[in-house]
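Beneath this line is the structure, given in structure tokens, with notes to follow.
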Amino acid sequence: MQKQFKTVSDVAGPLLFVELPEGVEVGYEELAEVTIPGDSKKRLGKVLEASKGRAMIQMFEGTDGIPVDSTKVQFLGETMRLGVSPEMLGRVFNGSGAPIDNGPEMIPDVRLDINGAAINPASREFPNDFIQTGVSTIDAMNTLVRGQKLPIFSGSGLPHNKLAAQIARQAAVKDGGKFAVVFGAMGVTFEEAQYFQREFEKTGALENAVLFVNTAADPVVERIATPRLALTAAEYLAFEKGMHVLVILTDMTNYCEALREVSAARKEVPGRRGYPGYLYTDLSTIYERAGRIKGKDGSVTQIPILTMPEDDITHPIPDLTGYITEGQFVVDRSLHQKSIAPPVDVLKSLSRLWSAGVGEGKTREDHSGLKDQLFASYARGKDVRELAVVLGESALDDADKAHLKFAEAYEKQFINQGEYDNRSIEETLDIGWELLKLIPKTELKRVKADMVEKYMTA
């Protein structure tokens, strides 16, 4: 039985400070139960910092109403753990890992420490298998590969949540392996939380998904635990049960704001824009848990979503995320204003591992060349569009006019597909070839002649 201490010295924001008697030691990340007089429910916290004679506790349920002189603290001698089981599929949990869907009691196979480690580089297997999301701008232009970490950069008011739900509903592996989605929502509104749960239930996707939901009304500190809970569940399903797991985390900006709030309460020296200097390291402990392990059948693929403050891609959160991950999808405001959904800007987006997931046996033999041609033609079409604003469309030659027409059609027919249109990779590639008919064959310099003859049918 662990001893209780009645030596709380201070309360600051979400932090509780406890003086420890001589000879008593507590560990980093160790859990603590806080008992408040007159409150039958014990509050949970974890040790954030421990030095000789003093411990700093990060509270999961806030510090409101905690009296310094009469509060009791009991250290539990273990870190935060999540009970995991195949029965997690189809369930909804809060940001502390407790079920909130009124489902049956779950008996865990094992309880795992949520502070998992990044995958050892020597044990990693290179990602090289295609994941079909049903979204053309992703599948054809910025292909998602099994075991990859590929974030979505968005902005305030843009439909990134709809895109996240669409990917979660539609994602599948082509080889028919066991597939699951783990969805972690941090700091979302109550309406957003209801939207995600409703979308998963309505389409039947909840049967193969695990949801962890932390709303804006929940404790800030809980927000820091939510992505780690989601990844712990994903690692169990992937590496113990052989499943291919897609982890979607939204919104990482809310996670980073929670880190900044706790850092300020600790009176740490701030880094760029007030974020803690260890933000890069902290984010890497989340992102680097994606991947494949040699000798294991399963995989963990990550799509973190973040909203860029003021649409600034140089902001510390997207900037540091870009250094750790393997590219990004960028949700574009101008496309959204044209009612194009999902408004993914393929020219700003990038998947550094796309080439490992395409080709015969994975997608189709024409994928690589078609992707390059679509990219080049759309880029030229957008340049011509800007030129036409200055010079007028009458000043353009026939090739430029063809590319201008192509750019308009590409946005309306290829990028724009709606929220519930689940396209197979074959459908996506066929649409691409159909659009290339708008361009003279002499301008198709990125695709082989035999591919043109085979796929660009009259």
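Residues in the structure tokens are named by chain (A, B, ... in the order shown) and by number from 1 within that chain; ligands are numbered from 1 in the order shown.
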If you take only C-alpha atoms and a cut-off of 6 Å, which residues of range 193-233 of chain A touch range 176-185 of chain A, and what are their nearest atom pairs and distances in Å to one decimal, in chain and number order, as JSON lines?
{"residue": "A:Asn208", "atom": "CA", "partner": "A:Ala180", "partner_atom": "CA", "distance": 5.0}
{"residue": "A:Ala209", "atom": "CA", "partner": "A:Val181", "partner_atom": "CA", "distance": 4.6}
{"residue": "A:Val210", "atom": "CA", "partner": "A:Val182", "partner_atom": "CA", "distance": 4.8}
{"residue": "A:Leu211", "atom": "CA", "partner": "A:Phe183", "partner_atom": "CA", "distance": 4.8}
{"residue": "A:Phe212", "atom": "CA", "partner": "A:Gly184", "partner_atom": "CA", "distance": 4.7}
{"residue": "A:Val213", "atom": "CA", "partner": "A:Ala185", "partner_atom": "CA", "distance": 4.8}
{"residue": "A:Asn214", "atom": "CA", "partner": "A:Ala185", "partner_atom": "CA", "distance": 5.8}
{"residue": "A:Pro227", "atom": "CA", "partner": "A:Gly184", "partner_atom": "CA", "distance": 6.0}
{"residue": "A:Ala230", "atom": "CA", "partner": "A:Gly184", "partner_atom": "CA", "distance": 5.8}
Since we have the selection now, will you write its residues out, keeping N, CA, C and O atoms, as a PDB file, in the first residue's frame?
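Below is the file selection18.pdb, written as the result:
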ATOM      1  N   ASN A 208     -14.713  -1.407 -37.483  1.00  0.00           N
ATOM      2  CA  ASN A 208     -13.273  -1.629 -37.643  1.00  0.00           C
ATOM      3  C   ASN A 208     -12.473  -0.412 -37.181  1.00  0.00           C
ATOM      4  O   ASN A 208     -11.405  -0.134 -37.731  1.00  0.00           O
ATOM      5  N   ALA A 209     -12.996   0.300 -36.194  1.00  0.00           N
ATOM      6  CA  ALA A 209     -12.333   1.522 -35.727  1.00  0.00           C
ATOM      7  C   ALA A 209     -12.353   1.610 -34.209  1.00  0.00           C
ATOM      8  O   ALA A 209     -13.198   1.005 -33.542  1.00  0.00           O
ATOM      9  N   VAL A 210     -11.387   2.355 -33.688  1.00  0.00           N
ATOM     10  CA  VAL A 210     -11.342   2.691 -32.258  1.00  0.00           C
ATOM     11  C   VAL A 210     -11.249   4.202 -32.180  1.00  0.00           C
ATOM     12  O   VAL A 210     -10.383   4.805 -32.821  1.00  0.00           O
ATOM     13  N   LEU A 211     -12.141   4.829 -31.414  1.00  0.00           N
ATOM     14  CA  LEU A 211     -12.156   6.284 -31.311  1.00  0.00           C
ATOM     15  C   LEU A 211     -11.740   6.728 -29.911  1.00  0.00           C
ATOM     16  O   LEU A 211     -12.244   6.192 -28.908  1.00  0.00           O
ATOM     17  N   PHE A 212     -10.826   7.704 -29.854  1.00  0.00           N
ATOM     18  CA  PHE A 212     -10.456   8.368 -28.602  1.00  0.00           C
ATOM     19  C   PHE A 212     -10.806   9.844 -28.773  1.00  0.00           C
ATOM     20  O   PHE A 212     -10.280  10.503 -29.679  1.00  0.00           O
ATOM     21  N   VAL A 213     -11.706  10.351 -27.932  1.00  0.00           N
ATOM     22  CA  VAL A 213     -12.226  11.708 -28.126  1.00  0.00           C
ATOM     23  C   VAL A 213     -11.969  12.569 -26.893  1.00  0.00           C
ATOM     24  O   VAL A 213     -12.446  12.262 -25.794  1.00  0.00           O
ATOM     25  N   ASN A 214     -11.191  13.633 -27.082  1.00  0.00           N
ATOM     26  CA  ASN A 214     -10.977  14.642 -26.046  1.00  0.00           C
ATOM     27  C   ASN A 214     -11.563  15.944 -26.562  1.00  0.00           C
ATOM     28  O   ASN A 214     -11.135  16.468 -27.592  1.00  0.00           O
ATOM     29  N   PRO A 227      -3.167  11.301 -27.940  1.00  0.00           N
ATOM     30  CA  PRO A 227      -2.480  10.654 -29.075  1.00  0.00           C
ATOM     31  C   PRO A 227      -1.673   9.433 -28.654  1.00  0.00           C
ATOM     32  O   PRO A 227      -1.526   8.476 -29.427  1.00  0.00           O
ATOM     33  N   ALA A 230      -4.072   6.535 -28.363  1.00  0.00           N
ATOM     34  CA  ALA A 230      -4.429   6.064 -29.700  1.00  0.00           C
ATOM     35  C   ALA A 230      -3.318   5.210 -30.304  1.00  0.00           C
ATOM     36  O   ALA A 230      -3.560   4.142 -30.886  1.00  0.00           O
TER      37      ALA A 230
END
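With distances restricted to only C-alpha atoms, A:Ala32 is the closest residue to Phe17 in chain A from A:Ile131, A:Ala32, A:Leu82, A:Leu283.
A straight line drawn from CA of Ile317 in chain A to CA of Gly271 in chain A is 12.1 Å long.
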Check: Quick one: DSSP alpha helix (DSSP H) residues in range 147-274 of chain A, as a VMD selection string?
Finding: chain A and resid 160 to 170 190 to 203 220 to 239 252 to 265
Margin query: Please list as JSON, numbers by chain every residue within 7 Å of Arg423 in chain A, counting only C-alpha atoms and excluding residues in the same chain fewer than 4 positions away.
Written below: {"A": [134, 135, 136, 427, 428]}
Write to file, as an mmCIF file, in the first residue's frame, the residues of the selection just made, with N, CA and C atoms.
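Here's the written file result01.cif:
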data_model
loop_
_atom_site.group_PDB
_atom_site.id
_atom_site.type_symbol
_atom_site.label_atom_id
_atom_site.label_comp_id
_atom_site.auth_asym_id
_atom_site.auth_seq_id
_atom_site.Cartn_x
_atom_site.Cartn_y
_atom_site.Cartn_z
ATOM 1 N N GLY A 134 -9.472 6.247 -51.452
ATOM 2 C CA GLY A 134 -10.661 6.619 -52.208
ATOM 3 C C GLY A 134 -10.698 8.069 -52.597
ATOM 4 N N VAL A 135 -9.643 8.826 -52.240
ATOM 5 C CA VAL A 135 -9.541 10.261 -52.571
ATOM 6 C C VAL A 135 -8.505 10.405 -53.689
ATOM 7 N N SER A 136 -8.930 10.909 -54.845
ATOM 8 C CA SER A 136 -8.070 10.937 -56.036
ATOM 9 C C SER A 136 -6.791 11.725 -55.826
ATOM 10 N N GLU A 427 -10.419 3.813 -61.121
ATOM 11 C CA GLU A 427 -11.325 4.903 -61.531
ATOM 12 C C GLU A 427 -10.586 6.231 -61.569
ATOM 13 N N THR A 428 -9.761 6.475 -60.557
ATOM 14 C CA THR A 428 -9.001 7.725 -60.488
ATOM 15 C C THR A 428 -8.062 7.864 -61.684
#
Margin query: Under the rule that only C-alpha atoms are counted, which of A:Tyr195, A:Lys296, A:Lys42, A:Asn254 is the nearest residue to Ser123 in chain A?
Written below: A:Lys296
Would you tabulate, counting only C-alpha atoms, all residues of range 22-130 of chain A that have an atom at most 10 Å from an atom of range 360-365 of chain A, showing the closest pair of atoms and their distance in Å to one decimal, sorted by chain then ascending number, as CSV?
residue,atom,partner,partner_atom,distance
A:Asn128,CA,A:Lys362,CA,9.1
A:Asp129,CA,A:Lys362,CA,6.9
A:Phe130,CA,A:Lys362,CA,6.2
Next item on the list: Identify all residues of range 244-422 of chain A in strand (DSSP E) (DSSP on the backbone) and supply them as a list of chain:residue names.
Entry: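 Selecting the strand (DSSP E) positions of range 244-422 of chain A gives A:His244, A:Val245, A:Leu246, A:Val247, A:Ile248, A:Leu249, A:Thr250, A:Gly291, A:Arg292, A:Ile293, A:Ser299, A:Val300, A:Thr301, A:Gln302, A:Ile303, A:Pro304, A:Ile305, A:Leu306, A:Thr307, A:Gly327, A:Gln328, A:Phe329, A:Val330, A:Leu350, A:Ser351.
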Next, the residues of the selection above should be written as a CSV table (one decimal), in the first residue's frame with N, CA and C atoms.
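Generated file (again.csv):
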chain,number,residue,atom,x,y,z
A,244,HIS,N,-3.3,-4.0,-40.2
A,244,HIS,CA,-2.8,-2.8,-40.8
A,244,HIS,C,-3.6,-1.7,-40.3
A,245,VAL,N,-3.0,-0.8,-39.5
A,245,VAL,CA,-3.8,0.2,-38.7
A,245,VAL,C,-3.4,1.6,-39.3
A,246,LEU,N,-4.5,2.4,-39.6
A,246,LEU,CA,-4.3,3.8,-40.0
A,246,LEU,C,-4.7,4.6,-38.8
A,247,VAL,N,-3.8,5.5,-38.3
A,247,VAL,CA,-4.0,6.3,-37.1
A,247,VAL,C,-4.2,7.7,-37.6
A,248,ILE,N,-5.4,8.3,-37.3
A,248,ILE,CA,-5.7,9.7,-37.7
A,248,ILE,C,-5.8,10.5,-36.4
A,249,LEU,N,-4.9,11.6,-36.3
A,249,LEU,CA,-4.9,12.4,-35.1
A,249,LEU,C,-5.3,13.8,-35.5
A,250,THR,N,-6.3,14.4,-34.9
A,250,THR,CA,-6.7,15.7,-35.1
A,250,THR,C,-7.2,16.4,-33.8
A,291,GLY,N,5.1,3.0,-38.6
A,291,GLY,CA,6.1,2.2,-39.3
A,291,GLY,C,5.7,0.8,-39.4
A,292,ARG,N,6.7,0.0,-39.9
A,292,ARG,CA,6.6,-1.4,-40.0
A,292,ARG,C,7.8,-2.0,-39.3
A,293,ILE,N,7.6,-3.2,-38.7
A,293,ILE,CA,8.7,-3.9,-38.0
A,293,ILE,C,9.0,-5.2,-38.7
A,299,SER,N,1.2,-3.2,-39.5
A,299,SER,CA,1.8,-1.9,-39.7
A,299,SER,C,1.0,-0.7,-39.1
A,300,VAL,N,1.7,0.4,-38.8
A,300,VAL,CA,1.0,1.6,-38.3
A,300,VAL,C,1.3,2.7,-39.2
A,301,THR,N,0.2,3.3,-39.8
A,301,THR,CA,0.4,4.4,-40.7
A,301,THR,C,-0.3,5.6,-40.0
A,302,GLN,N,0.3,6.7,-40.1
A,302,GLN,CA,-0.2,7.9,-39.4
A,302,GLN,C,-0.6,9.0,-40.4
A,303,ILE,N,-1.8,9.6,-40.1
A,303,ILE,CA,-2.2,10.9,-40.7
A,303,ILE,C,-2.5,11.9,-39.6
A,304,PRO,N,-1.5,12.6,-39.2
A,304,PRO,CA,-1.8,13.7,-38.2
A,304,PRO,C,-2.4,14.9,-38.9
A,305,ILE,N,-3.4,15.6,-38.3
A,305,ILE,CA,-4.0,16.8,-39.0
A,305,ILE,C,-3.7,18.0,-38.1
A,306,LEU,N,-3.3,19.1,-38.7
A,306,LEU,CA,-3.0,20.3,-37.9
A,306,LEU,C,-3.6,21.5,-38.7
A,307,THR,N,-4.1,22.5,-37.9
A,307,THR,CA,-4.5,23.7,-38.5
A,307,THR,C,-3.4,24.7,-38.3
A,327,GLY,N,6.4,14.3,-45.9
A,327,GLY,CA,5.6,15.0,-46.8
A,327,GLY,C,4.4,15.6,-46.1
A,328,GLN,N,3.4,16.1,-46.9
A,328,GLN,CA,2.1,16.6,-46.3
A,328,GLN,C,1.1,16.8,-47.4
A,329,PHE,N,-0.2,16.7,-47.0
A,329,PHE,CA,-1.3,17.1,-47.8
A,329,PHE,C,-1.7,18.6,-47.4
A,330,VAL,N,-1.9,19.5,-48.3
A,330,VAL,CA,-2.3,20.8,-48.0
A,330,VAL,C,-3.7,21.1,-48.4
A,350,LEU,N,2.9,16.8,-50.9
A,350,LEU,CA,4.0,16.0,-51.3
A,350,LEU,C,4.0,14.7,-50.4
A,351,SER,N,4.2,13.6,-51.1
A,351,SER,CA,4.5,12.3,-50.4
A,351,SER,C,5.8,11.8,-50.8
Note to self: Just want the 12 Å neighbourhood of Glu105 in chain A, counted on only C-alpha atoms, with same-chain residues fewer than 4 positions away dropped. Output as a list in words.
What the structure shows: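 So the residues in contact are Gly83, Ser85, Glu87, Met88, Arg91, Ala98, Pro99, Ile100 and Asp101 of chain A.
The closest residue to Glu192 in chain A, picked from A:His160, A:Lys52, A:Arg272, A:Lys174 and counting only C-alpha atoms, is A:His160.
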